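Participant: Sharing a structure with you now.
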Amino acid sequence: MTPQPVSVTELLPHRPPMLLLDALESFSAQAARAVLEVRADNPFLRPDGFLERAAFAEMLAQCFAAGFGACLRAAGQRAPGWGYLAALRDVVVQGDARLGQRLAVTACLTAHLGNIAVVTGEVWCGEKLLASGQIKVFLPEEE
């Protein structure tokens, strides 16, 4: 894992307000950890100050994409410019996130089958697990 946070703006095609992550704290070929603060411009923020639960899946996908891109870049390769969150499985939401909270997101690559990456992940607020589950990400063909 890398010891210093990495800016995600160079790793993801997303831009505010859809760019949810603030920094990639660590990454390896199999895992990534990112952090974010829930801000007022978050497109998933409800009027009551809580995030829509669908935001957790997007956080996991962005964490995976940032870690994957950082690994490719570290190896001297070009990261794909896009990918698609293709499926969710066994997602369990145990708590809600709200405005001002600092969240940690982990994503672990469990399988890479052709153009599909299978990723398990978690979203934490301090010591409290907010959400966990598996996502599948469709990756483009290498050029």
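Letters A, B, ... mark the chains of the structure tokens in the order given; residue numbers begin at 1 per chain; ligand numbers begin at 1, in order shown.
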Which neighbours of Leu109 in chain A fall inside 8 Å, counting only C-alpha atoms, when residues of the same chain fewer than 3 positions from it are skipped, and could you give them as a PyMOL selection string?
Facilitator: chain A and resi 30-31+64+112+117-120
Participant: Output as a PDB file with N, CA, C and O atoms, in the first residue's frame all residues of chain A that backbone DSSP marks as strand (DSSP E).
Facilitator:
```
ATOM      1  N   VAL A   6      -3.200  10.304  -2.308  1.00  0.00           N
ATOM      2  CA  VAL A   6      -3.067  10.648  -3.723  1.00  0.00           C
ATOM      3  C   VAL A   6      -4.339  11.372  -4.149  1.00  0.00           C
ATOM      4  O   VAL A   6      -5.445  10.935  -3.828  1.00  0.00           O
ATOM      5  N   SER A   7      -4.181  12.460  -4.893  1.00  0.00           N
ATOM      6  CA  SER A   7      -5.335  13.192  -5.402  1.00  0.00           C
ATOM      7  C   SER A   7      -6.120  12.302  -6.364  1.00  0.00           C
ATOM      8  O   SER A   7      -5.539  11.638  -7.213  1.00  0.00           O
ATOM      9  N   ALA A  23      -9.572  11.885  -1.337  1.00  0.00           N
ATOM     10  CA  ALA A  23      -8.200  11.406  -1.525  1.00  0.00           C
ATOM     11  C   ALA A  23      -8.162   9.890  -1.474  1.00  0.00           C
ATOM     12  O   ALA A  23      -8.973   9.247  -0.806  1.00  0.00           O
ATOM     13  N   LEU A  24      -7.188   9.341  -2.169  1.00  0.00           N
ATOM     14  CA  LEU A  24      -6.880   7.913  -2.119  1.00  0.00           C
ATOM     15  C   LEU A  24      -5.761   7.766  -1.096  1.00  0.00           C
ATOM     16  O   LEU A  24      -4.652   8.236  -1.315  1.00  0.00           O
ATOM     17  N   GLU A  25      -6.062   7.172   0.035  1.00  0.00           N
ATOM     18  CA  GLU A  25      -5.068   7.066   1.116  1.00  0.00           C
ATOM     19  C   GLU A  25      -4.052   5.962   0.890  1.00  0.00           C
ATOM     20  O   GLU A  25      -2.898   6.092   1.279  1.00  0.00           O
ATOM     21  N   SER A  26      -4.499   4.856   0.291  1.00  0.00           N
ATOM     22  CA  SER A  26      -3.579   3.753   0.032  1.00  0.00           C
ATOM     23  C   SER A  26      -4.116   2.911  -1.114  1.00  0.00           C
ATOM     24  O   SER A  26      -5.309   2.911  -1.388  1.00  0.00           O
ATOM     25  N   PHE A  27      -3.203   2.202  -1.787  1.00  0.00           N
ATOM     26  CA  PHE A  27      -3.621   1.316  -2.866  1.00  0.00           C
ATOM     27  C   PHE A  27      -2.559   0.262  -3.105  1.00  0.00           C
ATOM     28  O   PHE A  27      -1.377   0.450  -2.816  1.00  0.00           O
ATOM     29  N   ALA A  31      -6.191  -3.892  -3.364  1.00  0.00           N
ATOM     30  CA  ALA A  31      -7.035  -3.135  -2.437  1.00  0.00           C
ATOM     31  C   ALA A  31      -6.756  -1.641  -2.507  1.00  0.00           C
ATOM     32  O   ALA A  31      -5.658  -1.215  -2.873  1.00  0.00           O
ATOM     33  N   ALA A  32      -7.771  -0.861  -2.134  1.00  0.00           N
ATOM     34  CA  ALA A  32      -7.630   0.593  -2.080  1.00  0.00           C
ATOM     35  C   ALA A  32      -8.424   1.109  -0.882  1.00  0.00           C
ATOM     36  O   ALA A  32      -9.404   0.492  -0.457  1.00  0.00           O
ATOM     37  N   ARG A  33      -7.966   2.255  -0.370  1.00  0.00           N
ATOM     38  CA  ARG A  33      -8.668   2.928   0.726  1.00  0.00           C
ATOM     39  C   ARG A  33      -8.716   4.412   0.401  1.00  0.00           C
ATOM     40  O   ARG A  33      -7.685   5.017   0.092  1.00  0.00           O
ATOM     41  N   ALA A  34      -9.925   4.972   0.441  1.00  0.00           N
ATOM     42  CA  ALA A  34     -10.127   6.388   0.135  1.00  0.00           C
ATOM     43  C   ALA A  34     -10.926   7.041   1.254  1.00  0.00           C
ATOM     44  O   ALA A  34     -11.575   6.347   2.059  1.00  0.00           O
ATOM     45  N   VAL A  35     -10.882   8.355   1.292  1.00  0.00           N
ATOM     46  CA  VAL A  35     -11.620   9.117   2.302  1.00  0.00           C
ATOM     47  C   VAL A  35     -12.406  10.232   1.625  1.00  0.00           C
ATOM     48  O   VAL A  35     -12.062  10.682   0.528  1.00  0.00           O
ATOM     49  N   LEU A  36     -13.441  10.654   2.296  1.00  0.00           N
ATOM     50  CA  LEU A  36     -14.238  11.777   1.819  1.00  0.00           C
ATOM     51  C   LEU A  36     -14.967  12.415   2.973  1.00  0.00           C
ATOM     52  O   LEU A  36     -15.185  11.784   4.021  1.00  0.00           O
ATOM     53  N   GLU A  37     -15.307  13.664   2.787  1.00  0.00           N
ATOM     54  CA  GLU A  37     -16.188  14.361   3.712  1.00  0.00           C
ATOM     55  C   GLU A  37     -17.501  14.591   2.987  1.00  0.00           C
ATOM     56  O   GLU A  37     -17.503  14.985   1.812  1.00  0.00           O
ATOM     57  N   TYR A  84     -17.998   1.206 -15.924  1.00  0.00           N
ATOM     58  CA  TYR A  84     -19.398   1.287 -15.515  1.00  0.00           C
ATOM     59  C   TYR A  84     -19.659   0.398 -14.314  1.00  0.00           C
ATOM     60  O   TYR A  84     -19.251  -0.769 -14.301  1.00  0.00           O
ATOM     61  N   LEU A  85     -20.346   0.944 -13.337  1.00  0.00           N
ATOM     62  CA  LEU A  85     -20.850   0.146 -12.235  1.00  0.00           C
ATOM     63  C   LEU A  85     -21.960  -0.720 -12.827  1.00  0.00           C
ATOM     64  O   LEU A  85     -22.983  -0.218 -13.277  1.00  0.00           O
ATOM     65  N   ALA A  86     -21.720  -2.032 -12.888  1.00  0.00           N
ATOM     66  CA  ALA A  86     -22.623  -2.915 -13.621  1.00  0.00           C
ATOM     67  C   ALA A  86     -23.603  -3.676 -12.745  1.00  0.00           C
ATOM     68  O   ALA A  86     -24.692  -4.025 -13.201  1.00  0.00           O
ATOM     69  N   ALA A  87     -23.233  -3.969 -11.491  1.00  0.00           N
ATOM     70  CA  ALA A  87     -24.115  -4.774 -10.648  1.00  0.00           C
ATOM     71  C   ALA A  87     -23.765  -4.593  -9.182  1.00  0.00           C
ATOM     72  O   ALA A  87     -22.629  -4.257  -8.832  1.00  0.00           O
ATOM     73  N   LEU A  88     -24.749  -4.855  -8.337  1.00  0.00           N
ATOM     74  CA  LEU A  88     -24.582  -4.864  -6.881  1.00  0.00           C
ATOM     75  C   LEU A  88     -25.005  -6.234  -6.373  1.00  0.00           C
ATOM     76  O   LEU A  88     -25.947  -6.825  -6.900  1.00  0.00           O
ATOM     77  N   ARG A  89     -24.329  -6.703  -5.327  1.00  0.00           N
ATOM     78  CA  ARG A  89     -24.700  -7.990  -4.749  1.00  0.00           C
ATOM     79  C   ARG A  89     -24.420  -7.977  -3.253  1.00  0.00           C
ATOM     80  O   ARG A  89     -23.398  -7.462  -2.807  1.00  0.00           O
ATOM     81  N   ASP A  90     -25.319  -8.568  -2.495  1.00  0.00           N
ATOM     82  CA  ASP A  90     -25.161  -8.711  -1.051  1.00  0.00           C
ATOM     83  C   ASP A  90     -24.823  -7.396  -0.358  1.00  0.00           C
ATOM     84  O   ASP A  90     -24.008  -7.360   0.568  1.00  0.00           O
ATOM     85  N   VAL A  91     -25.436  -6.310  -0.803  1.00  0.00           N
ATOM     86  CA  VAL A  91     -25.202  -5.010  -0.179  1.00  0.00           C
ATOM     87  C   VAL A  91     -26.033  -4.924   1.099  1.00  0.00           C
ATOM     88  O   VAL A  91     -27.239  -5.167   1.083  1.00  0.00           O
ATOM     89  N   VAL A  92     -25.348  -4.601   2.178  1.00  0.00           N
ATOM     90  CA  VAL A  92     -26.008  -4.448   3.473  1.00  0.00           C
ATOM     91  C   VAL A  92     -25.708  -3.045   3.984  1.00  0.00           C
ATOM     92  O   VAL A  92     -24.535  -2.661   4.088  1.00  0.00           O
ATOM     93  N   VAL A  93     -26.743  -2.279   4.268  1.00  0.00           N
ATOM     94  CA  VAL A  93     -26.577  -0.940   4.817  1.00  0.00           C
ATOM     95  C   VAL A  93     -26.966  -0.994   6.287  1.00  0.00           C
ATOM     96  O   VAL A  93     -28.086  -1.373   6.630  1.00  0.00           O
ATOM     97  N   ARG A 102     -16.952  12.448   8.076  1.00  0.00           N
ATOM     98  CA  ARG A 102     -15.784  11.982   7.319  1.00  0.00           C
ATOM     99  C   ARG A 102     -15.902  10.470   7.205  1.00  0.00           C
ATOM    100  O   ARG A 102     -16.046   9.770   8.203  1.00  0.00           O
ATOM    101  N   LEU A 103     -15.865   9.971   5.966  1.00  0.00           N
ATOM    102  CA  LEU A 103     -16.057   8.550   5.701  1.00  0.00           C
ATOM    103  C   LEU A 103     -14.784   7.941   5.132  1.00  0.00           C
ATOM    104  O   LEU A 103     -14.016   8.614   4.440  1.00  0.00           O
ATOM    105  N   ALA A 104     -14.585   6.659   5.405  1.00  0.00           N
ATOM    106  CA  ALA A 104     -13.497   5.881   4.825  1.00  0.00           C
ATOM    107  C   ALA A 104     -14.118   4.767   3.990  1.00  0.00           C
ATOM    108  O   ALA A 104     -15.072   4.112   4.425  1.00  0.00           O
ATOM    109  N   VAL A 105     -13.559   4.549   2.816  1.00  0.00           N
ATOM    110  CA  VAL A 105     -14.082   3.562   1.886  1.00  0.00           C
ATOM    111  C   VAL A 105     -12.958   2.602   1.530  1.00  0.00           C
ATOM    112  O   VAL A 105     -11.848   3.036   1.209  1.00  0.00           O
ATOM    113  N   THR A 106     -13.250   1.304   1.599  1.00  0.00           N
ATOM    114  CA  THR A 106     -12.274   0.304   1.170  1.00  0.00           C
ATOM    115  C   THR A 106     -12.874  -0.506   0.029  1.00  0.00           C
ATOM    116  O   THR A 106     -14.074  -0.768   0.004  1.00  0.00           O
ATOM    117  N   ALA A 107     -12.006  -0.887  -0.908  1.00  0.00           N
ATOM    118  CA  ALA A 107     -12.427  -1.704  -2.041  1.00  0.00           C
ATOM    119  C   ALA A 107     -11.346  -2.743  -2.299  1.00  0.00           C
ATOM    120  O   ALA A 107     -10.167  -2.397  -2.415  1.00  0.00           O
ATOM    121  N   CYS A 108     -11.744  -4.010  -2.355  1.00  0.00           N
ATOM    122  CA  CYS A 108     -10.800  -5.109  -2.586  1.00  0.00           C
ATOM    123  C   CYS A 108     -11.222  -5.881  -3.839  1.00  0.00           C
ATOM    124  O   CYS A 108     -12.358  -6.348  -3.926  1.00  0.00           O
ATOM    125  N   LEU A 109     -10.293  -6.020  -4.766  1.00  0.00           N
ATOM    126  CA  LEU A 109     -10.545  -6.791  -5.979  1.00  0.00           C
ATOM    127  C   LEU A 109     -10.547  -8.268  -5.615  1.00  0.00           C
ATOM    128  O   LEU A 109      -9.565  -8.786  -5.116  1.00  0.00           O
ATOM    129  N   THR A 110     -11.672  -8.937  -5.859  1.00  0.00           N
ATOM    130  CA  THR A 110     -11.755 -10.364  -5.529  1.00  0.00           C
ATOM    131  C   THR A 110     -11.674 -11.248  -6.761  1.00  0.00           C
ATOM    132  O   THR A 110     -11.318 -12.416  -6.651  1.00  0.00           O
ATOM    133  N   ALA A 111     -11.993 -10.689  -7.949  1.00  0.00           N
ATOM    134  CA  ALA A 111     -11.869 -11.444  -9.192  1.00  0.00           C
ATOM    135  C   ALA A 111     -11.843 -10.463 -10.348  1.00  0.00           C
ATOM    136  O   ALA A 111     -12.411  -9.373 -10.281  1.00  0.00           O
ATOM    137  N   HIS A 112     -11.157 -10.859 -11.406  1.00  0.00           N
ATOM    138  CA  HIS A 112     -11.127 -10.059 -12.631  1.00  0.00           C
ATOM    139  C   HIS A 112     -11.385 -11.035 -13.770  1.00  0.00           C
ATOM    140  O   HIS A 112     -10.528 -11.823 -14.120  1.00  0.00           O
ATOM    141  N   LEU A 113     -12.595 -11.012 -14.286  1.00  0.00           N
ATOM    142  CA  LEU A 113     -13.035 -11.956 -15.288  1.00  0.00           C
ATOM    143  C   LEU A 113     -13.283 -11.221 -16.602  1.00  0.00           C
ATOM    144  O   LEU A 113     -14.332 -10.607 -16.787  1.00  0.00           O
ATOM    145  N   ILE A 116     -14.852  -7.682 -16.576  1.00  0.00           N
ATOM    146  CA  ILE A 116     -15.589  -7.462 -15.341  1.00  0.00           C
ATOM    147  C   ILE A 116     -14.662  -7.606 -14.136  1.00  0.00           C
ATOM    148  O   ILE A 116     -13.970  -8.615 -13.989  1.00  0.00           O
ATOM    149  N   ALA A 117     -14.665  -6.587 -13.285  1.00  0.00           N
ATOM    150  CA  ALA A 117     -13.945  -6.648 -12.013  1.00  0.00           C
ATOM    151  C   ALA A 117     -14.975  -6.875 -10.917  1.00  0.00           C
ATOM    152  O   ALA A 117     -15.998  -6.173 -10.846  1.00  0.00           O
ATOM    153  N   VAL A 118     -14.738  -7.864 -10.071  1.00  0.00           N
ATOM    154  CA  VAL A 118     -15.601  -8.146  -8.928  1.00  0.00           C
ATOM    155  C   VAL A 118     -14.902  -7.573  -7.704  1.00  0.00           C
ATOM    156  O   VAL A 118     -13.756  -7.923  -7.409  1.00  0.00           O
ATOM    157  N   VAL A 119     -15.599  -6.693  -6.994  1.00  0.00           N
ATOM    158  CA  VAL A 119     -14.992  -5.925  -5.915  1.00  0.00           C
ATOM    159  C   VAL A 119     -15.868  -6.019  -4.668  1.00  0.00           C
ATOM    160  O   VAL A 119     -17.087  -5.860  -4.751  1.00  0.00           O
ATOM    161  N   THR A 120     -15.258  -6.285  -3.520  1.00  0.00           N
ATOM    162  CA  THR A 120     -15.971  -6.194  -2.249  1.00  0.00           C
ATOM    163  C   THR A 120     -15.503  -4.932  -1.546  1.00  0.00           C
ATOM    164  O   THR A 120     -14.346  -4.523  -1.688  1.00  0.00           O
ATOM    165  N   GLY A 121     -16.403  -4.317  -0.816  1.00  0.00           N
ATOM    166  CA  GLY A 121     -16.018  -3.071  -0.176  1.00  0.00           C
ATOM    167  C   GLY A 121     -16.852  -2.740   1.036  1.00  0.00           C
ATOM    168  O   GLY A 121     -17.876  -3.386   1.316  1.00  0.00           O
ATOM    169  N   GLU A 122     -16.370  -1.724   1.735  1.00  0.00           N
ATOM    170  CA  GLU A 122     -17.039  -1.245   2.942  1.00  0.00           C
ATOM    171  C   GLU A 122     -16.945   0.276   3.015  1.00  0.00           C
ATOM    172  O   GLU A 122     -15.978   0.860   2.518  1.00  0.00           O
ATOM    173  N   VAL A 123     -17.930   0.876   3.673  1.00  0.00           N
ATOM    174  CA  VAL A 123     -17.919   2.307   3.961  1.00  0.00           C
ATOM    175  C   VAL A 123     -18.046   2.449   5.475  1.00  0.00           C
ATOM    176  O   VAL A 123     -18.965   1.890   6.086  1.00  0.00           O
ATOM    177  N   TRP A 124     -17.107   3.190   6.051  1.00  0.00           N
ATOM    178  CA  TRP A 124     -17.033   3.380   7.508  1.00  0.00           C
ATOM    179  C   TRP A 124     -17.141   4.855   7.867  1.00  0.00           C
ATOM    180  O   TRP A 124     -16.662   5.710   7.123  1.00  0.00           O
ATOM    181  N   CYS A 125     -17.729   5.114   9.017  1.00  0.00           N
ATOM    182  CA  CYS A 125     -17.689   6.433   9.644  1.00  0.00           C
ATOM    183  C   CYS A 125     -17.082   6.207  11.020  1.00  0.00           C
ATOM    184  O   CYS A 125     -17.758   5.653  11.909  1.00  0.00           O
ATOM    185  N   LYS A 128     -17.754   2.887  13.007  1.00  0.00           N
ATOM    186  CA  LYS A 128     -19.053   2.321  12.651  1.00  0.00           C
ATOM    187  C   LYS A 128     -19.105   1.939  11.169  1.00  0.00           C
ATOM    188  O   LYS A 128     -18.909   2.785  10.290  1.00  0.00           O
ATOM    189  N   LEU A 129     -19.391   0.671  10.907  1.00  0.00           N
ATOM    190  CA  LEU A 129     -19.588   0.196   9.540  1.00  0.00           C
ATOM    191  C   LEU A 129     -20.955   0.661   9.055  1.00  0.00           C
ATOM    192  O   LEU A 129     -21.975   0.332   9.656  1.00  0.00           O
ATOM    193  N   LEU A 130     -20.967   1.437   7.981  1.00  0.00           N
ATOM    194  CA  LEU A 130     -22.228   1.933   7.436  1.00  0.00           C
ATOM    195  C   LEU A 130     -22.787   1.025   6.343  1.00  0.00           C
ATOM    196  O   LEU A 130     -23.994   0.822   6.260  1.00  0.00           O
ATOM    197  N   ALA A 131     -21.897   0.495   5.493  1.00  0.00           N
ATOM    198  CA  ALA A 131     -22.365  -0.326   4.382  1.00  0.00           C
ATOM    199  C   ALA A 131     -21.262  -1.265   3.926  1.00  0.00           C
ATOM    200  O   ALA A 131     -20.073  -0.965   4.047  1.00  0.00           O
ATOM    201  N   SER A 132     -21.687  -2.408   3.385  1.00  0.00           N
ATOM    202  CA  SER A 132     -20.742  -3.367   2.817  1.00  0.00           C
ATOM    203  C   SER A 132     -21.442  -4.108   1.691  1.00  0.00           C
ATOM    204  O   SER A 132     -22.666  -4.152   1.628  1.00  0.00           O
ATOM    205  N   GLY A 133     -20.644  -4.673   0.806  1.00  0.00           N
ATOM    206  CA  GLY A 133     -21.231  -5.440  -0.275  1.00  0.00           C
ATOM    207  C   GLY A 133     -20.262  -5.656  -1.409  1.00  0.00           C
ATOM    208  O   GLY A 133     -19.079  -5.329  -1.320  1.00  0.00           O
ATOM    209  N   GLN A 134     -20.805  -6.202  -2.483  1.00  0.00           N
ATOM    210  CA  GLN A 134     -20.010  -6.520  -3.661  1.00  0.00           C
ATOM    211  C   GLN A 134     -20.550  -5.725  -4.840  1.00  0.00           C
ATOM    212  O   GLN A 134     -21.759  -5.593  -5.010  1.00  0.00           O
ATOM    213  N   ILE A 135     -19.628  -5.199  -5.631  1.00  0.00           N
ATOM    214  CA  ILE A 135     -20.011  -4.535  -6.875  1.00  0.00           C
ATOM    215  C   ILE A 135     -19.281  -5.219  -8.024  1.00  0.00           C
ATOM    216  O   ILE A 135     -18.247  -5.857  -7.827  1.00  0.00           O
ATOM    217  N   LYS A 136     -19.850  -5.093  -9.197  1.00  0.00           N
ATOM    218  CA  LYS A 136     -19.182  -5.543 -10.413  1.00  0.00           C
ATOM    219  C   LYS A 136     -19.031  -4.315 -11.299  1.00  0.00           C
ATOM    220  O   LYS A 136     -19.978  -3.548 -11.484  1.00  0.00           O
ATOM    221  N   VAL A 137     -17.811  -4.154 -11.809  1.00  0.00           N
ATOM    222  CA  VAL A 137     -17.489  -2.997 -12.631  1.00  0.00           C
ATOM    223  C   VAL A 137     -17.093  -3.491 -14.014  1.00  0.00           C
ATOM    224  O   VAL A 137     -16.240  -4.379 -14.146  1.00  0.00           O
ATOM    225  N   PHE A 138     -17.728  -2.931 -15.042  1.00  0.00           N
ATOM    226  CA  PHE A 138     -17.357  -3.239 -16.415  1.00  0.00           C
ATOM    227  C   PHE A 138     -16.234  -2.296 -16.823  1.00  0.00           C
ATOM    228  O   PHE A 138     -16.351  -1.074 -16.715  1.00  0.00           O
TER     229      PHE A 138
END
```
Participant: Could you check the closest approach to Val38 in chain A for each of A:Gly83, A:Pro16, A:Gly95, A:Gly100 and tell me which residue wins, using only C-alpha atoms?
Facilitator: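 The answer is A:Gly100, which sits nearest to Val38 in chain A.
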Participant: Write out as a count of residues only the residues lying within 7 Å of Ala97 in chain A, counting only C-alpha atoms and excluding same-chain residues fewer than 3 positions away.
Facilitator: 3
Participant: I need the residues of chain A that end up classed as alpha helix (DSSP H) by DSSP on the backbone, written out as a list in words.
Facilitator: Ala55, Phe56, Ala57, Glu58, Met59, Leu60, Ala61, Gln62, Cys63, Phe64, Ala65, Ala66, Gly67, Phe68, Gly69, Ala70, Cys71, Leu72, Arg73 and Ala74 of chain A
Participant: Would you output that residue set with N, CA, C and O atoms, as a compact mmCIF listing (two decimals), in the first residue's frame?
Facilitator:
```
# COMPACT_ATOMS: atom_id res chain seq x y z
N ALA A 55 -25.61 6.22 -2.61
CA ALA A 55 -24.28 6.84 -2.66
C ALA A 55 -23.18 5.86 -2.25
O ALA A 55 -22.05 5.96 -2.73
N PHE A 56 -23.49 4.90 -1.39
CA PHE A 56 -22.47 3.95 -0.93
C PHE A 56 -21.92 3.13 -2.10
O PHE A 56 -20.71 2.90 -2.19
N ALA A 57 -22.77 2.72 -3.02
CA ALA A 57 -22.31 1.95 -4.18
C ALA A 57 -21.39 2.80 -5.05
O ALA A 57 -20.36 2.33 -5.54
N GLU A 58 -21.74 4.06 -5.25
CA GLU A 58 -20.90 4.95 -6.05
C GLU A 58 -19.55 5.19 -5.36
O GLU A 58 -18.51 5.25 -6.03
N MET A 59 -19.55 5.30 -4.05
CA MET A 59 -18.29 5.46 -3.31
C MET A 59 -17.38 4.25 -3.51
O MET A 59 -16.17 4.40 -3.74
N LEU A 60 -17.96 3.05 -3.43
CA LEU A 60 -17.18 1.84 -3.64
C LEU A 60 -16.60 1.80 -5.05
O LEU A 60 -15.42 1.47 -5.25
N ALA A 61 -17.41 2.14 -6.04
CA ALA A 61 -16.96 2.12 -7.43
C ALA A 61 -15.84 3.14 -7.64
O ALA A 61 -14.83 2.84 -8.29
N GLN A 62 -15.99 4.33 -7.09
CA GLN A 62 -14.94 5.34 -7.25
C GLN A 62 -13.67 4.94 -6.52
O GLN A 62 -12.56 5.18 -7.03
N CYS A 63 -13.78 4.33 -5.37
CA CYS A 63 -12.60 3.87 -4.63
C CYS A 63 -11.85 2.82 -5.45
O CYS A 63 -10.62 2.89 -5.61
N PHE A 64 -12.58 1.84 -5.98
CA PHE A 64 -11.94 0.83 -6.83
C PHE A 64 -11.26 1.48 -8.03
O PHE A 64 -10.11 1.19 -8.35
N ALA A 65 -11.99 2.35 -8.72
CA ALA A 65 -11.45 2.97 -9.94
C ALA A 65 -10.20 3.80 -9.64
O ALA A 65 -9.23 3.75 -10.40
N ALA A 66 -10.20 4.52 -8.55
CA ALA A 66 -9.03 5.32 -8.19
C ALA A 66 -7.83 4.42 -7.87
O ALA A 66 -6.72 4.68 -8.33
N GLY A 67 -8.06 3.36 -7.11
CA GLY A 67 -6.97 2.43 -6.79
C GLY A 67 -6.45 1.72 -8.01
O GLY A 67 -5.24 1.58 -8.20
N PHE A 68 -7.35 1.27 -8.89
CA PHE A 68 -6.98 0.59 -10.12
C PHE A 68 -6.17 1.52 -11.01
O PHE A 68 -5.11 1.16 -11.54
N GLY A 69 -6.64 2.75 -11.15
CA GLY A 69 -5.93 3.74 -11.96
C GLY A 69 -4.56 4.07 -11.39
O GLY A 69 -3.59 4.22 -12.14
N ALA A 70 -4.46 4.19 -10.07
CA ALA A 70 -3.17 4.49 -9.44
C ALA A 70 -2.18 3.35 -9.65
O ALA A 70 -0.99 3.60 -9.88
N CYS A 71 -2.65 2.12 -9.57
CA CYS A 71 -1.76 0.97 -9.81
C CYS A 71 -1.27 0.94 -11.25
O CYS A 71 -0.08 0.70 -11.50
N LEU A 72 -2.16 1.18 -12.21
CA LEU A 72 -1.75 1.21 -13.61
C LEU A 72 -0.74 2.33 -13.84
O LEU A 72 0.28 2.13 -14.52
N ARG A 73 -1.02 3.49 -13.29
CA ARG A 73 -0.11 4.63 -13.45
C ARG A 73 1.26 4.32 -12.84
O ARG A 73 2.30 4.63 -13.43
N ALA A 74 1.28 3.71 -11.66
CA ALA A 74 2.55 3.36 -11.00
C ALA A 74 3.35 2.36 -11.84
O ALA A 74 4.58 2.35 -11.79
```
Participant: With distances taken over only C-alpha atoms, which residue among A:Ala75, A:Ala29, A:Trp82, A:Asp48 lies nearest Leu12 in chain A?
Facilitator: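 Among the listed residues, A:Trp82 lies closest to Leu12 in chain A.
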